[in-house]
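Colleague: A single structure is presented below for examination.
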Amino acid sequence: MIIGDTKYYFSTKALIFATLFIGIIATFCLSLFFMIYKDSLTYGILFLSPLFLIIIALPDYLRQLYCVITKKPALELTKDLLIDNSKGHIYKWTEIQGAFYKPYTGYKALPSGYIEITFVGSDKKVILPNNAIKGKTEKILTDLHSYLNYSKN
């Protein structure tokens, strides 16, 4: 039986690590660019290429940073809705078919996984960012199943 809303917050440790990683990579790339661009603009631009990856990941990072600063939960489970603030989406439990744990696959894959949510009558799948959310994957998955079963009864 579900008593109230369940909230999972972003991990501040993961956010601090991401901030340091982004800061170090950006500083390193920019300093190499400024040292080299006068001699060879091509090599200078080559050293800036890792910054494009950072720019692609920046919207998710900024959303997580905003949620940590404002103490907004990353994932909120209510009796009617699944609110995913990590991606800025709201889903009704009636739209969700199931939640599954999927291990990472591939060569040298980490011995962990992610939670995948599937939807009724659709091939749409949503992946929850386990590494950015405080809490054990099993607990989050159990809570997702509890709310999903509650909404179907």
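If you're wondering about the labels, chains in the structure tokens are A, B, ... by order shown, residues count from 1 in each chain, ligands from 1 in order shown.
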Neighbours of Tyr9 (chain A) within 9 Å (only C-alpha atoms; same-chain residues fewer than 6 positions away dropped), as a count of residues only?
Modeller: 12
Colleague: Which residues are close to Lys124 (chain A), i.e. within 12 Å by only C-alpha atoms, leaving aside same-chain residues fewer than 6 positions away? Reply as a list in words.
Modeller: Glu95, Ile96, Gln97, Gly98, Glu116, Ile117 and Thr118 of chain A
Colleague: Go ahead and save the picked residues with C-alpha atoms, as a PDB file, in the first residue's frame.
Modeller:
ATOM      1  CA  GLU A  95       0.650   5.201 -19.725  1.00  0.00           C
ATOM      2  CA  ILE A  96       3.476   3.085 -18.285  1.00  0.00           C
ATOM      3  CA  GLN A  97       3.637  -0.592 -19.125  1.00  0.00           C
ATOM      4  CA  GLY A  98       6.576  -1.588 -16.935  1.00  0.00           C
ATOM      5  CA  GLU A 116      14.248   1.326 -18.380  1.00  0.00           C
ATOM      6  CA  ILE A 117      10.587   2.338 -18.453  1.00  0.00           C
ATOM      7  CA  THR A 118       8.359   1.104 -21.284  1.00  0.00           C
TER       8      THR A 118
END
Colleague: Please provide as a PyMOL selection string all residues within 12 Å of Lys136 (chain A), with the sequence filter that same-chain residues fewer than 6 positions apart are discarded (counting only C-alpha atoms).
Modeller: chain A and resi 8-9+11+112-115+129-130+142-143
Colleague: Just list the residues in region 3-70 of chain A DSSP gives strand (DSSP E or B) on the backbone, as an mmCIF file with N, CA and C atoms, in the first residue's frame.
Modeller:
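So selection_3.cif came out as:
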data_model
loop_
_atom_site.group_PDB
_atom_site.id
_atom_site.type_symbol
_atom_site.label_atom_id
_atom_site.label_comp_id
_atom_site.auth_asym_id
_atom_site.auth_seq_id
_atom_site.Cartn_x
_atom_site.Cartn_y
_atom_site.Cartn_z
ATOM 1 N N THR A 6 6.893 9.531 -3.009
ATOM 2 C CA THR A 6 8.274 9.120 -2.809
ATOM 3 C C THR A 6 9.146 10.007 -3.682
ATOM 4 N N LYS A 7 10.226 10.519 -3.083
ATOM 5 C CA LYS A 7 11.107 11.427 -3.811
ATOM 6 C C LYS A 7 12.540 10.917 -3.743
ATOM 7 N N TYR A 8 13.192 10.994 -4.879
ATOM 8 C CA TYR A 8 14.612 10.662 -4.972
ATOM 9 C C TYR A 8 15.340 11.898 -5.485
ATOM 10 N N PHE A 10 18.949 14.166 -6.563
ATOM 11 C CA PHE A 10 20.213 14.002 -7.277
ATOM 12 C C PHE A 10 21.346 13.829 -6.281
#
Colleague: Enumerate, in order of chain and increasing residue number, the residues of region 47-122 of chain A with an atom no farther than 12 Å from region 15-21 of chain A, each with its shortest atom pair and distance in Å to one decimal, counting only C-alpha atoms, as CSV.
Modeller:
residue,atom,partner,partner_atom,distance
A:Pro50,CA,A:Phe21,CA,12.0
A:Leu51,CA,A:Phe21,CA,11.7
A:Ile54,CA,A:Phe21,CA,9.8
A:Ala57,CA,A:Ala18,CA,10.5
A:Leu58,CA,A:Ala18,CA,10.5
A:Asp60,CA,A:Leu15,CA,11.0
A:Tyr61,CA,A:Leu15,CA,8.0
A:Leu62,CA,A:Leu15,CA,10.0
A:Arg63,CA,A:Leu15,CA,10.9
A:Gln64,CA,A:Leu15,CA,7.6
A:Leu65,CA,A:Leu15,CA,7.2
A:Tyr66,CA,A:Leu15,CA,10.8
A:Cys67,CA,A:Leu15,CA,10.7
A:Val68,CA,A:Leu15,CA,8.6
A:Ile69,CA,A:Leu15,CA,10.9
Colleague: Residues of the last selection are to be written out with N, CA and C atoms, as a PDB file, in the first residue's frame.
Modeller:
ATOM      1  N   PRO A  50      37.052  18.116 -27.769  1.00  0.00           N
ATOM      2  CA  PRO A  50      36.377  17.548 -26.596  1.00  0.00           C
ATOM      3  C   PRO A  50      35.330  18.483 -25.981  1.00  0.00           C
ATOM      4  N   LEU A  51      35.471  19.766 -26.226  1.00  0.00           N
ATOM      5  CA  LEU A  51      34.482  20.705 -25.690  1.00  0.00           C
ATOM      6  C   LEU A  51      33.108  20.521 -26.337  1.00  0.00           C
ATOM      7  N   ILE A  54      31.202  18.191 -24.222  1.00  0.00           N
ATOM      8  CA  ILE A  54      30.736  18.874 -23.015  1.00  0.00           C
ATOM      9  C   ILE A  54      29.516  19.732 -23.339  1.00  0.00           C
ATOM     10  N   ALA A  57      26.406  17.610 -23.476  1.00  0.00           N
ATOM     11  CA  ALA A  57      25.949  17.151 -22.165  1.00  0.00           C
ATOM     12  C   ALA A  57      25.546  18.303 -21.240  1.00  0.00           C
ATOM     13  N   LEU A  58      25.810  19.523 -21.630  1.00  0.00           N
ATOM     14  CA  LEU A  58      25.579  20.675 -20.764  1.00  0.00           C
ATOM     15  C   LEU A  58      24.113  20.873 -20.342  1.00  0.00           C
ATOM     16  N   ASP A  60      21.688  18.707 -19.691  1.00  0.00           N
ATOM     17  CA  ASP A  60      21.375  17.772 -18.605  1.00  0.00           C
ATOM     18  C   ASP A  60      22.109  18.152 -17.328  1.00  0.00           C
ATOM     19  N   TYR A  61      23.357  18.540 -17.466  1.00  0.00           N
ATOM     20  CA  TYR A  61      24.147  18.953 -16.307  1.00  0.00           C
ATOM     21  C   TYR A  61      23.526  20.177 -15.635  1.00  0.00           C
ATOM     22  N   LEU A  62      23.140  21.170 -16.433  1.00  0.00           N
ATOM     23  CA  LEU A  62      22.547  22.383 -15.866  1.00  0.00           C
ATOM     24  C   LEU A  62      21.203  22.100 -15.197  1.00  0.00           C
ATOM     25  N   ARG A  63      20.414  21.186 -15.771  1.00  0.00           N
ATOM     26  CA  ARG A  63      19.140  20.812 -15.161  1.00  0.00           C
ATOM     27  C   ARG A  63      19.389  20.141 -13.803  1.00  0.00           C
ATOM     28  N   GLN A  64      20.374  19.271 -13.741  1.00  0.00           N
ATOM     29  CA  GLN A  64      20.708  18.619 -12.472  1.00  0.00           C
ATOM     30  C   GLN A  64      21.224  19.625 -11.453  1.00  0.00           C
ATOM     31  N   LEU A  65      22.070  20.533 -11.896  1.00  0.00           N
ATOM     32  CA  LEU A  65      22.601  21.569 -11.006  1.00  0.00           C
ATOM     33  C   LEU A  65      21.468  22.429 -10.455  1.00  0.00           C
ATOM     34  N   TYR A  66      20.526  22.820 -11.305  1.00  0.00           N
ATOM     35  CA  TYR A  66      19.372  23.617 -10.869  1.00  0.00           C
ATOM     36  C   TYR A  66      18.553  22.858  -9.823  1.00  0.00           C
ATOM     37  N   CYS A  67      18.318  21.566 -10.070  1.00  0.00           N
ATOM     38  CA  CYS A  67      17.533  20.765  -9.128  1.00  0.00           C
ATOM     39  C   CYS A  67      18.245  20.603  -7.791  1.00  0.00           C
ATOM     40  N   VAL A  68      19.555  20.471  -7.800  1.00  0.00           N
ATOM     41  CA  VAL A  68      20.296  20.353  -6.544  1.00  0.00           C
ATOM     42  C   VAL A  68      20.252  21.662  -5.782  1.00  0.00           C
ATOM     43  N   ILE A  69      20.432  22.780  -6.462  1.00  0.00           N
ATOM     44  CA  ILE A  69      20.434  24.083  -5.797  1.00  0.00           C
ATOM     45  C   ILE A  69      19.061  24.401  -5.212  1.00  0.00           C
TER      46      ILE A  69
END
